[in-house]
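Q: Got structure_26.cif for you, mmCIF, C-alpha atoms:
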data_protein
loop_
_atom_site.label_atom_id
_atom_site.label_comp_id
_atom_site.auth_asym_id
_atom_site.auth_seq_id
_atom_site.Cartn_x
_atom_site.Cartn_y
_atom_site.Cartn_z
CA MET A 1 -6.52 -18.79 -3.69
CA LYS A 2 -3.18 -17.27 -2.76
CA HIS A 3 -2.26 -13.85 -4.11
CA LEU A 4 0.88 -11.87 -3.36
CA VAL A 5 -0.18 -8.24 -3.42
CA SER A 6 1.61 -6.71 -0.46
CA ILE A 7 4.42 -7.90 1.78
CA GLU A 8 1.94 -7.30 4.61
CA ASP A 9 -0.08 -10.25 3.30
CA LEU A 10 2.71 -12.49 4.61
CA SER A 11 3.61 -13.35 8.19
CA LYS A 12 7.24 -13.66 9.23
CA ASP A 13 6.91 -17.46 9.10
CA GLU A 14 5.49 -17.34 5.58
CA ILE A 15 8.37 -15.09 4.49
CA ILE A 16 10.89 -17.51 6.00
CA LYS A 17 9.16 -20.42 4.23
CA ILE A 18 9.48 -18.66 0.84
CA LEU A 19 13.15 -17.84 1.52
CA ASN A 20 13.95 -21.41 2.55
CA LYS A 21 12.24 -22.75 -0.55
CA SER A 22 14.23 -20.25 -2.68
CA GLU A 23 17.40 -21.89 -1.46
CA GLU A 24 16.19 -25.24 -2.80
CA PHE A 25 15.63 -23.65 -6.23
CA GLU A 26 19.10 -22.10 -6.51
CA ASP A 27 20.48 -25.21 -8.23
CA VAL A 28 17.69 -25.07 -10.78
CA ALA A 29 18.31 -21.36 -11.36
CA LEU A 30 21.99 -22.11 -11.93
CA GLY A 31 21.16 -24.94 -14.34
CA LYS A 32 22.76 -27.58 -12.08
CA ARG A 33 19.47 -29.38 -11.61
CA LYS A 34 16.39 -29.68 -13.84
CA SER A 35 12.84 -29.26 -12.62
CA ARG A 36 9.47 -29.64 -14.40
CA ILE A 37 7.45 -28.76 -11.32
CA LEU A 38 5.38 -26.12 -13.20
CA GLU A 39 4.97 -28.12 -16.41
CA SER A 40 1.64 -27.38 -18.17
CA LYS A 41 1.21 -24.20 -16.14
CA ILE A 42 0.97 -20.84 -17.90
CA LEU A 43 2.02 -17.52 -16.41
CA ALA A 44 0.70 -14.24 -17.86
CA ASN A 45 3.05 -11.29 -17.47
CA LEU A 46 0.73 -8.28 -17.58
CA PHE A 47 2.91 -5.19 -17.66
CA PHE A 48 1.34 -1.75 -17.98
CA GLU A 49 4.71 -0.13 -17.28
CA PRO A 50 8.12 -1.00 -18.66
CA SER A 51 10.20 -3.50 -16.71
CA THR A 52 13.32 -5.43 -17.54
CA ARG A 53 14.57 -7.29 -14.51
CA THR A 54 11.26 -8.18 -12.91
CA ARG A 55 9.56 -9.36 -16.09
CA ILE A 56 12.56 -11.30 -17.38
CA SER A 57 13.34 -12.92 -14.04
CA PHE A 58 9.73 -14.10 -13.70
CA GLU A 59 9.90 -15.47 -17.25
CA THR A 60 13.21 -17.21 -16.54
CA ALA A 61 11.92 -18.63 -13.25
CA MET A 62 8.76 -19.96 -14.90
CA LYS A 63 10.58 -21.50 -17.90
CA LYS A 64 13.27 -23.14 -15.77
CA LEU A 65 10.50 -24.86 -13.84
CA GLY A 66 8.96 -26.21 -17.05
CA GLY A 67 6.14 -23.67 -17.37
CA GLU A 68 5.05 -21.40 -20.22
CA VAL A 69 4.82 -17.59 -20.27
CA ILE A 70 2.50 -15.19 -22.11
CA ASN A 71 3.80 -11.63 -22.18
CA VAL A 72 1.18 -8.91 -22.47
CA SER A 73 2.33 -5.30 -22.54
CA ALA A 74 0.01 -2.32 -22.55
CA GLN A 75 1.02 -1.45 -26.10
CA GLU A 76 0.21 -4.92 -27.36
CA ALA A 77 -3.05 -5.37 -25.57
CA SER A 78 -5.40 -3.94 -28.17
CA SER A 79 -8.48 -4.02 -25.98
CA MET A 80 -6.73 -2.02 -23.29
CA ALA A 81 -5.81 0.52 -25.94
CA LYS A 82 -9.51 0.62 -26.88
CA GLY A 83 -10.31 1.65 -23.33
CA GLU A 84 -11.11 -1.68 -21.69
CA THR A 85 -11.02 -1.50 -17.92
CA LEU A 86 -8.34 -3.25 -15.90
CA ALA A 87 -11.11 -5.28 -14.27
CA ASP A 88 -12.26 -6.66 -17.64
CA THR A 89 -8.72 -7.26 -18.88
CA VAL A 90 -7.93 -9.31 -15.78
CA ARG A 91 -11.24 -11.18 -15.93
CA VAL A 92 -10.43 -12.24 -19.50
CA ILE A 93 -6.73 -13.00 -19.12
CA SER A 94 -7.27 -14.99 -15.94
CA ASN A 95 -9.25 -17.47 -18.05
CA TYR A 96 -6.17 -18.19 -20.15
CA CYS A 97 -3.49 -18.74 -17.52
CA ASP A 98 -2.68 -20.21 -14.12
CA ALA A 99 -1.27 -17.04 -12.55
CA ILE A 100 -0.86 -13.37 -13.40
CA VAL A 101 2.11 -11.13 -12.67
CA ILE A 102 1.03 -7.51 -12.89
CA ARG A 103 2.82 -4.17 -12.94
CA HIS A 104 0.65 -1.08 -13.13
CA PRO A 105 1.21 2.67 -12.62
CA LEU A 106 -1.71 3.07 -10.19
CA GLU A 107 -1.45 2.26 -6.48
CA GLY A 108 -3.71 -0.57 -5.40
CA ALA A 109 -4.04 -1.88 -8.98
CA ALA A 110 -2.69 -5.31 -8.01
CA ARG A 111 -5.16 -5.63 -5.12
CA PHE A 112 -7.98 -4.66 -7.48
CA ALA A 113 -6.71 -7.11 -10.13
CA ALA A 114 -6.65 -9.89 -7.51
CA GLU A 115 -10.29 -9.14 -6.68
CA ASN A 116 -11.22 -9.60 -10.33
CA SER A 117 -9.08 -12.63 -11.12
CA ASN A 118 -9.86 -16.35 -11.22
CA VAL A 119 -6.18 -17.17 -10.72
CA PRO A 120 -3.47 -16.00 -8.27
CA VAL A 121 -2.14 -12.48 -8.84
CA ILE A 122 1.42 -11.46 -8.02
CA ASN A 123 2.17 -7.76 -7.66
CA ALA A 124 5.27 -6.73 -9.60
CA GLY A 125 4.93 -3.07 -8.59
CA ASP A 126 1.92 -0.76 -8.41
CA GLY A 127 2.89 2.90 -8.73
CA ALA A 128 4.56 4.13 -5.55
CA GLY A 129 2.79 1.34 -3.68
CA GLN A 130 4.18 -2.14 -3.14
CA HIS A 131 6.75 -4.40 -4.75
CA PRO A 132 6.68 -7.53 -2.57
CA THR A 133 8.69 -9.86 -4.84
CA GLN A 134 11.57 -7.37 -4.86
CA THR A 135 11.36 -7.31 -1.06
CA LEU A 136 11.55 -11.08 -0.84
CA LEU A 137 14.60 -11.16 -3.07
CA ASP A 138 16.19 -8.33 -1.05
CA LEU A 139 15.63 -10.30 2.16
CA TYR A 140 16.98 -13.42 0.52
CA THR A 141 20.10 -11.53 -0.61
CA ILE A 142 20.70 -10.27 2.94
CA LYS A 143 20.18 -13.77 4.32
CA LYS A 144 22.59 -15.32 1.82
CA GLU A 145 25.26 -12.63 1.79
CA ILE A 146 25.28 -11.66 5.49
CA GLY A 147 24.22 -15.04 6.83
CA ARG A 148 21.19 -13.75 8.73
CA ILE A 149 18.46 -11.10 8.61
CA ASP A 150 17.63 -10.89 12.32
CA GLY A 151 19.71 -8.33 14.14
CA THR A 152 21.31 -6.74 11.07
CA LYS A 153 21.86 -2.99 10.77
CA ILE A 154 20.65 -1.55 7.50
CA ALA A 155 20.95 1.93 6.00
CA LEU A 156 18.27 2.75 3.42
CA VAL A 157 19.70 5.48 1.21
CA GLY A 158 18.16 7.78 -1.41
CA ASP A 159 14.53 8.25 -2.37
CA LEU A 160 12.58 6.97 0.61
CA LYS A 161 9.46 8.93 -0.31
CA TYR A 162 8.47 7.53 -3.69
CA SER A 163 10.40 4.25 -3.84
CA ARG A 164 7.95 1.33 -3.71
CA THR A 165 10.92 -0.97 -3.17
CA ILE A 166 11.72 0.86 0.07
CA HIS A 167 8.08 0.94 1.20
CA SER A 168 7.78 -2.83 0.91
CA LEU A 169 11.25 -3.60 2.26
CA ILE A 170 10.99 -1.47 5.38
CA LYS A 171 7.75 -3.18 6.42
CA ALA A 172 9.39 -6.58 6.11
CA LEU A 173 12.59 -5.53 7.91
CA THR A 174 10.61 -4.47 10.97
CA LEU A 175 9.51 -8.11 11.34
CA PHE A 176 13.14 -9.21 11.65
CA ASN A 177 14.38 -7.19 14.61
CA THR A 178 16.67 -5.10 12.43
CA LYS A 179 18.06 -1.64 13.12
CA ILE A 180 16.96 0.61 10.26
CA TYR A 181 18.72 3.87 9.43
CA LEU A 182 16.97 6.26 7.05
CA VAL A 183 19.30 8.35 4.90
CA SER A 184 17.58 10.76 2.51
CA PRO A 185 17.40 14.40 1.48
CA PRO A 186 14.53 16.13 3.34
CA ILE A 187 12.30 16.34 0.25
CA LEU A 188 12.59 12.57 -0.22
CA ASP A 189 12.06 11.56 3.42
CA LEU A 190 9.89 8.57 4.23
CA PRO A 191 6.34 9.97 4.69
CA VAL A 192 5.53 10.62 8.38
CA GLU A 193 2.26 8.67 8.28
CA PHE A 194 4.23 5.70 6.96
CA ILE A 195 6.70 5.87 9.88
CA ASP A 196 3.79 6.15 12.35
CA GLU A 197 2.49 2.79 11.19
CA LEU A 198 5.81 1.01 11.58
CA ASP A 199 6.78 -0.79 14.73
CA GLY A 200 10.53 -1.06 14.60
CA ASP A 201 13.88 0.41 15.52
CA ILE A 202 14.09 3.21 12.95
CA GLU A 203 16.23 6.32 12.99
CA LYS A 204 16.90 9.12 10.51
CA VAL A 205 20.64 9.78 10.26
CA GLU A 206 23.41 11.06 8.02
CA LEU A 207 25.17 8.23 6.17
CA GLU A 208 28.53 9.39 7.47
CA SER A 209 27.52 8.73 11.08
CA VAL A 210 26.57 5.07 10.52
CA ILE A 211 28.61 3.95 7.51
CA GLY A 212 31.21 2.21 9.72
CA GLU A 213 28.67 0.12 11.62
CA VAL A 214 25.99 -0.99 9.15
CA ASP A 215 25.85 -4.48 7.61
CA VAL A 216 23.86 -3.39 4.57
CA VAL A 217 23.78 -0.16 2.59
CA TYR A 218 20.63 -0.32 0.46
CA VAL A 219 20.77 2.39 -2.20
CA THR A 220 17.87 3.60 -4.36
CA ARG A 221 17.80 5.90 -7.34
CA ILE A 222 17.11 9.58 -6.79
CA GLN A 223 14.91 10.42 -9.75
CA LYS A 224 15.61 13.63 -11.61
CA GLU A 225 11.93 14.26 -12.23
CA ARG A 226 11.32 14.74 -8.49
CA PHE A 227 13.27 18.01 -8.65
CA LEU A 228 12.14 21.25 -10.26
CA ASP A 229 15.69 22.51 -10.53
CA GLU A 230 18.43 20.52 -12.27
CA GLU A 231 21.15 22.16 -10.17
CA GLU A 232 19.36 21.13 -6.99
CA TYR A 233 19.07 17.57 -8.33
CA LYS A 234 22.79 17.38 -9.05
CA LYS A 235 23.67 18.71 -5.61
CA VAL A 236 21.39 16.26 -3.81
CA ALA A 237 22.23 13.26 -6.00
CA GLY A 238 25.94 13.95 -5.54
CA SER A 239 25.72 14.05 -1.77
CA TYR A 240 24.07 10.62 -1.62
CA ARG A 241 26.45 8.95 -4.04
CA ILE A 242 28.34 5.82 -2.99
CA THR A 243 31.97 6.04 -4.05
CA ILE A 244 35.16 4.13 -3.37
CA GLU A 245 35.72 6.50 -0.44
CA THR A 246 32.38 5.48 1.03
CA VAL A 247 33.24 1.80 0.63
CA LYS A 248 36.57 2.29 2.44
CA ARG A 249 34.68 3.44 5.52
CA MET A 250 32.35 0.40 5.49
CA LYS A 251 32.89 -2.74 7.54
CA ASP A 252 34.87 -5.38 5.70
CA ASP A 253 31.94 -7.79 5.56
CA ALA A 254 29.25 -5.19 4.89
CA ILE A 255 27.37 -5.23 1.56
CA ILE A 256 25.87 -2.73 -0.86
CA LEU A 257 22.52 -3.53 -2.48
CA HIS A 258 20.47 -1.67 -5.11
CA PRO A 259 17.20 -2.70 -6.80
CA LEU A 260 18.63 -1.34 -10.12
CA PRO A 261 18.64 0.32 -12.58
CA ARG A 262 21.55 2.25 -11.14
CA VAL A 263 22.23 5.62 -12.74
CA TYR A 264 24.51 7.89 -10.78
CA GLU A 265 24.06 6.86 -7.18
CA ILE A 266 26.80 4.21 -7.13
CA ALA A 267 30.11 4.97 -8.84
CA ILE A 268 31.16 2.35 -11.43
CA GLU A 269 34.45 1.66 -9.56
CA VAL A 270 32.40 0.38 -6.62
CA ASP A 271 31.22 -2.54 -8.81
CA TYR A 272 34.65 -4.12 -8.42
CA THR A 273 34.71 -4.05 -4.63
CA LYS A 274 33.66 -7.08 -2.62
CA GLN A 275 30.96 -5.03 -0.91
CA ALA A 276 29.08 -4.61 -4.20
CA ARG A 277 26.41 -7.33 -4.30
CA TYR A 278 23.75 -5.69 -6.46
CA PHE A 279 24.36 -7.93 -9.46
CA LYS A 280 24.29 -11.02 -7.24
CA GLN A 281 21.02 -9.60 -5.93
CA THR A 282 19.53 -9.72 -9.45
CA PHE A 283 20.49 -13.40 -9.75
CA TYR A 284 18.69 -14.18 -6.50
CA GLY A 285 15.54 -12.81 -8.14
CA VAL A 286 15.22 -16.06 -10.09
CA PRO A 287 15.18 -18.64 -7.25
CA VAL A 288 13.02 -16.33 -5.14
CA ARG A 289 10.49 -15.91 -7.95
CA MET A 290 10.56 -19.70 -8.52
CA SER A 291 9.66 -20.08 -4.87
CA ILE A 292 6.83 -17.52 -5.17
CA LEU A 293 5.45 -19.07 -8.38
CA THR A 294 5.30 -22.54 -6.86
CA GLU A 295 3.81 -21.12 -3.67
CA VAL A 296 0.85 -19.52 -5.49
CA MET A 297 0.31 -22.12 -8.23
CA LEU A 298 0.79 -25.47 -6.53
CA MET B 1 -31.61 29.87 26.02
CA LYS B 2 -34.24 29.93 23.25
CA GLU B 3 -36.48 26.93 22.71
CA LEU B 4 -35.89 24.65 19.79
CA VAL B 5 -37.47 25.85 16.58
CA ILE B 6 -38.60 22.38 15.52
CA SER B 7 -41.19 20.35 17.30
CA LYS B 8 -40.98 16.88 18.79
CA ILE B 9 -41.55 13.98 16.46
CA ARG B 10 -43.99 11.16 17.05
CA ASP B 11 -42.03 8.30 15.45
CA GLY B 12 -38.62 8.30 13.90
CA THR B 13 -34.94 9.06 14.40
CA VAL B 14 -33.35 12.06 16.08
CA ILE B 15 -29.65 12.62 15.60
CA ASP B 16 -28.33 14.99 18.24
CA HIS B 17 -24.90 16.40 19.12
CA ILE B 18 -23.75 16.66 15.54
CA ASN B 19 -20.70 18.91 15.25
CA ALA B 20 -21.92 22.35 14.18
CA GLY B 21 -22.14 22.70 10.42
CA LYS B 22 -21.97 18.98 9.71
CA ALA B 23 -25.72 18.22 9.52
CA ILE B 24 -25.80 18.55 5.74
CA LEU B 25 -23.04 15.96 5.43
CA VAL B 26 -24.93 13.72 7.86
CA LEU B 27 -27.91 13.79 5.50
CA LYS B 28 -25.59 12.93 2.65
CA ILE B 29 -24.13 9.95 4.51
CA LEU B 30 -27.63 8.71 5.32
CA GLY B 31 -28.66 9.04 1.69
CA ILE B 32 -31.36 11.60 2.49
CA ASP B 33 -31.96 13.74 -0.58
CA GLU B 34 -34.70 15.29 -2.69
CA ASN B 35 -36.24 11.87 -3.29
CA THR B 36 -36.75 11.19 0.41
CA LYS B 37 -40.48 10.97 1.24
CA GLU B 38 -40.24 11.37 5.03
CA THR B 39 -40.34 14.71 6.79
CA VAL B 40 -36.80 15.74 7.63
CA SER B 41 -35.92 18.67 9.88
CA MET B 42 -32.46 20.05 10.31
CA VAL B 43 -31.32 22.68 12.74
CA LEU B 44 -27.90 24.23 12.51
CA ASN B 45 -25.84 25.99 15.17
CA VAL B 46 -28.06 25.24 18.15
CA PRO B 47 -26.43 26.49 21.40
CA SER B 48 -25.10 23.52 23.39
CA LYS B 49 -23.60 23.38 26.87
CA LYS B 50 -21.25 20.52 25.93
CA MET B 51 -20.32 21.50 22.42
CA GLY B 52 -20.79 25.26 22.26
CA LYS B 53 -22.83 24.86 19.10
CA LYS B 54 -24.33 21.75 17.56
CA ASP B 55 -26.59 20.58 14.76
CA ILE B 56 -29.65 18.33 15.07
CA VAL B 57 -31.40 16.21 12.43
CA LYS B 58 -34.88 14.69 12.86
CA VAL B 59 -36.31 12.19 10.43
CA GLU B 60 -40.01 11.57 10.98
CA GLY B 61 -41.46 8.11 10.40
CA LEU B 62 -38.18 6.41 9.63
CA PHE B 63 -36.09 4.17 11.86
CA ILE B 64 -32.63 4.30 10.37
CA SER B 65 -30.55 1.18 10.92
CA GLU B 66 -27.78 1.29 13.53
CA GLU B 67 -25.26 0.20 10.90
CA LYS B 68 -26.13 3.20 8.74
CA LEU B 69 -26.22 5.58 11.68
CA ASN B 70 -22.77 4.52 12.84
CA LYS B 71 -21.34 5.89 9.62
CA ILE B 72 -22.15 9.34 11.01
CA ALA B 73 -19.30 8.80 13.48
CA LEU B 74 -16.90 9.40 10.59
CA ILE B 75 -17.69 13.12 10.69
CA ALA B 76 -19.57 13.58 13.98
CA PRO B 77 -18.00 11.26 16.55
CA ASN B 78 -20.09 12.69 19.43
CA ALA B 79 -23.47 12.24 17.74
CA THR B 80 -26.21 10.60 19.79
CA ILE B 81 -29.16 8.78 18.35
CA ASN B 82 -32.68 8.76 19.81
CA LEU B 83 -35.17 6.35 18.31
CA ILE B 84 -38.63 7.73 19.06
CA ARG B 85 -41.97 5.89 19.29
CA GLU B 86 -45.15 7.69 20.28
CA TYR B 87 -43.11 10.74 21.40
CA GLU B 88 -41.08 8.54 23.80
CA ILE B 89 -37.38 7.71 23.49
CA LYS B 90 -37.32 3.96 22.93
CA LYS B 91 -33.58 3.65 22.42
CA LYS B 92 -30.69 6.03 22.87
CA PHE B 93 -27.10 5.39 21.86
CA LYS B 94 -23.89 7.06 20.84
CA VAL B 95 -22.61 6.41 17.35
CA LYS B 96 -19.58 4.11 17.02
CA PRO B 97 -17.30 4.32 13.99
CA PRO B 98 -17.75 1.21 11.80
CA GLU B 99 -14.66 -0.92 11.10
CA ILE B 100 -15.12 -0.74 7.34
CA VAL B 101 -16.96 1.76 5.13
CA LYS B 102 -17.71 1.21 1.48
CA GLY B 103 -18.54 3.85 -1.11
CA ILE B 104 -18.74 6.75 1.35
CA LEU B 105 -15.23 8.17 1.23
CA LYS B 106 -13.12 9.12 -1.75
CA CYS B 107 -9.40 8.41 -1.67
CA PRO B 108 -7.37 11.66 -1.80
CA ASN B 109 -4.58 9.87 -3.68
CA ARG B 110 -5.25 10.66 -7.33
CA LEU B 111 -2.95 7.78 -8.30
CA CYS B 112 -5.08 5.27 -6.38
CA ILE B 113 -6.89 2.67 -8.49
CA SER B 114 -10.12 3.59 -6.69
CA ASN B 115 -10.04 6.94 -8.54
CA ALA B 116 -9.60 5.31 -11.96
CA LYS B 117 -12.38 4.63 -14.47
CA GLU B 118 -12.92 1.14 -13.11
CA PRO B 119 -15.90 -0.70 -11.65
CA VAL B 120 -14.56 -0.16 -8.15
CA GLU B 121 -16.17 0.90 -4.89
CA THR B 122 -13.96 2.63 -2.34
CA ILE B 123 -13.25 0.66 0.82
CA PHE B 124 -11.74 2.24 3.96
CA TYR B 125 -10.70 0.69 7.26
CA ILE B 126 -11.64 2.91 10.17
CA SER B 127 -9.70 3.32 13.39
CA VAL B 128 -9.52 5.88 16.18
CA LYS B 129 -6.10 7.32 16.93
CA ASN B 130 -5.67 9.88 19.74
CA GLY B 131 -9.42 10.51 19.70
CA GLN B 132 -9.42 11.19 15.98
CA VAL B 133 -11.18 9.00 13.42
CA VAL B 134 -8.72 7.84 10.75
CA ALA B 135 -9.58 6.00 7.53
CA LYS B 136 -7.09 3.84 5.59
CA CYS B 137 -7.67 3.07 1.91
CA HIS B 138 -8.01 -0.65 1.17
CA TYR B 139 -6.34 -0.19 -2.22
CA CYS B 140 -3.43 2.23 -1.81
CA GLY B 141 -3.08 2.32 1.98
CA ARG B 142 -3.35 6.11 2.19
CA ASN B 143 -4.62 7.43 5.54
CA ILE B 144 -7.17 10.23 5.80
CA SER B 145 -7.69 12.10 9.05
CA ASP B 146 -9.91 15.00 7.94
CA LEU B 147 -12.73 12.79 6.73
CA THR B 148 -15.27 15.55 6.08
CA LYS B 149 -13.31 16.65 3.02
CA PHE B 150 -13.58 13.24 1.41
CA ILE B 151 -17.23 12.27 1.80
CA VAL B 152 -18.41 11.30 -1.68
#
Please go through the file and, once you have read it, give me the structure as structure tokens.

A:
Amino acid sequence: MKHLVSIEDLSKDEIIKILNKSEEFEDVALGKRKSRILESKILANLFFEPSTRTRISFETAMKKLGGEVINVSAQEASSMAKGETLADTVRVISNYCDAIVIRHPLEGAARFAAENSNVPVINAGDGAGQHPTQTLLDLYTIKKEIGRIDGTKIALVGDLKYSRTIHSLIKALTLFNTKIYLVSPPILDLPVEFIDELDGDIEKVELESVIGEVDVVYVTRIQKERFLDEEEYKKVAGSYRITIETVKRMKDDAIILHPLPRVYEIAIEVDYTKQARYFKQTFYGVPVRMSILTEVML
Amino acid sequence: MKELVISKIRDGTVIDHINAGKAILVLKILGIDENTKETVSMVLNVPSKKMGKKDIVKVEGLFISEEKLNKIALIAPNATINLIREYEIKKKFKVKPPEIVKGILKCPNRLCISNAKEPVETIFYISVKNGQVVAKCHYCGRNISDLTKFIV
């Protein structure tokens, strides 16, 4: 049985296969072509934490391929409220569906769910751990919007310490011979033990020093709750903000990505520049998740 | 140098060259507790040429499996094992860290699923980096280098 728990579960070839298949599903995502490839299959969305984009894009992907979706949130799941373990919840729900998408606040929850499931489990984010489907759609966006992944220069900006999106993405990028620049305030640096495990061309820099050469600026949200002092938060968040001035210093064909939700880290005016591709990025979530769903269920 | 305060054993397992002060944890790893029937001797802080000070554990009448003994390497990487029969050393070997350990270590990450109220046993992948034993959590990926603090 195939699960997708961590991006590390996939080889570079497997990643490329999923991305190539995503391309084939773009027409279906756009409504230009119909597909019933997942007809009679049921996906259970098991979300223990709120999610908008991930849950909805999985639901859209499944429905556009002819499948059905059961949504189970922590509030609705009465047995979970009664103190049922995750193991039991998964054992039960996996009898009612053909695949489970799970988001959970604890790290490793998706791996544990996979060990207790009769059907494939897809990790939609486990605490500060992994978010492999976001990574695949990020890679797909880079491939589509830049034309290649190999050899690109990418600046990862913002919260590199707690962002599960970053943790998954950086592991995948090292497979693609990319140059990775880390741009973060010291308290939100990528953990040292994490860097030690990576085998890639990675450098910590100031955004200013690389903004004119990078192909991708990947921005993440700096969360207020990570700071004890509101003033300190405002100072830090302000210094990592992407504005029109930042965009002017970027290469003409460079792009800005963000896993969203965006709060303060990208100025609204930037949305209207050609470098802003973060809404396009959300669209790509659908064909990529179609590709993942068919990969684990068929 | 003074002579050892515990006598030779006839049959059983002698664990030598344990880092000083770690013998109690060694017993814990081996599951030796108040219910153990065999005679167990433990000496702490024995002067040692190689190690300065060391601990020794002797378990009379029990041949502990190599697999179990290798878990000692998590906290005492220099430990040597002597399997004794009729007062003679029948086999001598140095412990080797196992590749995987289950249920022995606790993950320090309080947000790891292995610390939740779930029917879950901890699993760690063991490696040696720069001479130091490092354990990586199967569930959250967290690395531990000071393993003695996290023996369950």

Q: With all atoms listed in the file considered, list every residue of chain A at most 7 Å from chain B, as a count of residues only.

A: 9

Q: Could you name the residues that touch stretch 220-228 of chain A at 6 Å or less, counting only C-alpha atoms, but leaving out those on the same chain fewer than 2 positions away, as a PyMOL selection string?

A: chain A and resi 158-159+233+258

Q: With C-alpha atoms retained, write the just-selected residues as a PDB file, in the coordinates of the input.

A:
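This went into again11.pdb:
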ATOM      1  CA  GLY A 158      18.160   7.780  -1.410  1.00  0.00           C
ATOM      2  CA  ASP A 159      14.530   8.250  -2.370  1.00  0.00           C
ATOM      3  CA  TYR A 233      19.070  17.570  -8.330  1.00  0.00           C
ATOM      4  CA  HIS A 258      20.470  -1.670  -5.110  1.00  0.00           C
TER       5      HIS A 258
END

Q: Would you pick out the contacts of B:Asn19 at 8 Å or less, using all atoms listed in the file, so that residues sharing its chain but fewer than 3 positions from it are not included, and give the list as a list in words?

A: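 Listed by chain and then number, they are Lys22, Ala23, Met51, Lys53, Lys54, Asp55, Ile75, Ala76, Asn78 and Ala79 of chain B.
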
Q: What does the structure give for the distance between atom CA of B:Asp16 and atom CA of B:Asn82, in Å to one decimal?

A: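 Answer for the atom CA of B:Asp16 to atom CA of B:Asn82 separation: 7.8 Å.
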
Q: Apply the PyMOL selection byres ((chain B and resi 131) around 12) to the file shown and report the selected residues as a list in words.

A: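 So the PyMOL selection byres ((chain B and resi 131) around 12), applied here, picks out Ala73, Leu74, Pro77, Asn78, Pro97, Ser127, Val128, Lys129, Asn130, Gln132, Val133, Val134 and Ser145 of chain B.
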
Q: Would you mind exporting the chosen residues as a PDB file, keeping the file's coordinate frame, restricted to C-alpha atoms?

A:
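The resulting result18.pdb:
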ATOM      1  CA  ALA B  73     -19.300   8.800  13.480  1.00  0.00           C
ATOM      2  CA  LEU B  74     -16.900   9.400  10.590  1.00  0.00           C
ATOM      3  CA  PRO B  77     -18.000  11.260  16.550  1.00  0.00           C
ATOM      4  CA  ASN B  78     -20.090  12.690  19.430  1.00  0.00           C
ATOM      5  CA  PRO B  97     -17.300   4.320  13.990  1.00  0.00           C
ATOM      6  CA  SER B 127      -9.700   3.320  13.390  1.00  0.00           C
ATOM      7  CA  VAL B 128      -9.520   5.880  16.180  1.00  0.00           C
ATOM      8  CA  LYS B 129      -6.100   7.320  16.930  1.00  0.00           C
ATOM      9  CA  ASN B 130      -5.670   9.880  19.740  1.00  0.00           C
ATOM     10  CA  GLN B 132      -9.420  11.190  15.980  1.00  0.00           C
ATOM     11  CA  VAL B 133     -11.180   9.000  13.420  1.00  0.00           C
ATOM     12  CA  VAL B 134      -8.720   7.840  10.750  1.00  0.00           C
ATOM     13  CA  SER B 145      -7.690  12.100   9.050  1.00  0.00           C
TER      14      SER B 145
END

Q: Could you expand the PyMOL selection byres ((chain B and resi 151) around 8) into the explicit residues it covers here, written as an MDAnalysis selection string?

A: chainID B and resid 25 29 104:106 147:150 152

Q: A:Val217: which residues within 12 Å, counting all atoms listed in the file, same-chain residues fewer than 5 positions away excluded, as number ranges by chain?

A: A: 138, 142, 146, 152-158, 180-183, 207-208, 210-212, 240-242, 246-247, 249-251, 253-259, 266, 275-278

Q: Selection from above, C-alpha atoms, as a short mmCIF file (atom, residue, chain, number, x, y, z; two decimals), in the coordinates of the input, can you write it?

A:
data_model
loop_
_atom_site.label_atom_id
_atom_site.label_comp_id
_atom_site.auth_asym_id
_atom_site.auth_seq_id
_atom_site.Cartn_x
_atom_site.Cartn_y
_atom_site.Cartn_z
CA ASP A 138 16.19 -8.33 -1.05
CA ILE A 142 20.70 -10.27 2.94
CA ILE A 146 25.28 -11.66 5.49
CA THR A 152 21.31 -6.74 11.07
CA LYS A 153 21.86 -2.99 10.77
CA ILE A 154 20.65 -1.55 7.50
CA ALA A 155 20.95 1.93 6.00
CA LEU A 156 18.27 2.75 3.42
CA VAL A 157 19.70 5.48 1.21
CA GLY A 158 18.16 7.78 -1.41
CA ILE A 180 16.96 0.61 10.26
CA TYR A 181 18.72 3.87 9.43
CA LEU A 182 16.97 6.26 7.05
CA VAL A 183 19.30 8.35 4.90
CA LEU A 207 25.17 8.23 6.17
CA GLU A 208 28.53 9.39 7.47
CA VAL A 210 26.57 5.07 10.52
CA ILE A 211 28.61 3.95 7.51
CA GLY A 212 31.21 2.21 9.72
CA TYR A 240 24.07 10.62 -1.62
CA ARG A 241 26.45 8.95 -4.04
CA ILE A 242 28.34 5.82 -2.99
CA THR A 246 32.38 5.48 1.03
CA VAL A 247 33.24 1.80 0.63
CA ARG A 249 34.68 3.44 5.52
CA MET A 250 32.35 0.40 5.49
CA LYS A 251 32.89 -2.74 7.54
CA ASP A 253 31.94 -7.79 5.56
CA ALA A 254 29.25 -5.19 4.89
CA ILE A 255 27.37 -5.23 1.56
CA ILE A 256 25.87 -2.73 -0.86
CA LEU A 257 22.52 -3.53 -2.48
CA HIS A 258 20.47 -1.67 -5.11
CA PRO A 259 17.20 -2.70 -6.80
CA ILE A 266 26.80 4.21 -7.13
CA GLN A 275 30.96 -5.03 -0.91
CA ALA A 276 29.08 -4.61 -4.20
CA ARG A 277 26.41 -7.33 -4.30
CA TYR A 278 23.75 -5.69 -6.46
#

Q: In Å, with one decimal, what is the gap from atom CA of B:Asn45 to atom CA of B:Lys96?

A: 22.8 Å

Q: Given the PyMOL selection byres ((chain A and resi 19-35) around 7) and the file above, list the residues it selects as a PyMOL selection string.

A: chain A and resi 15-18+36-37+64-66+140+286-288+290-291
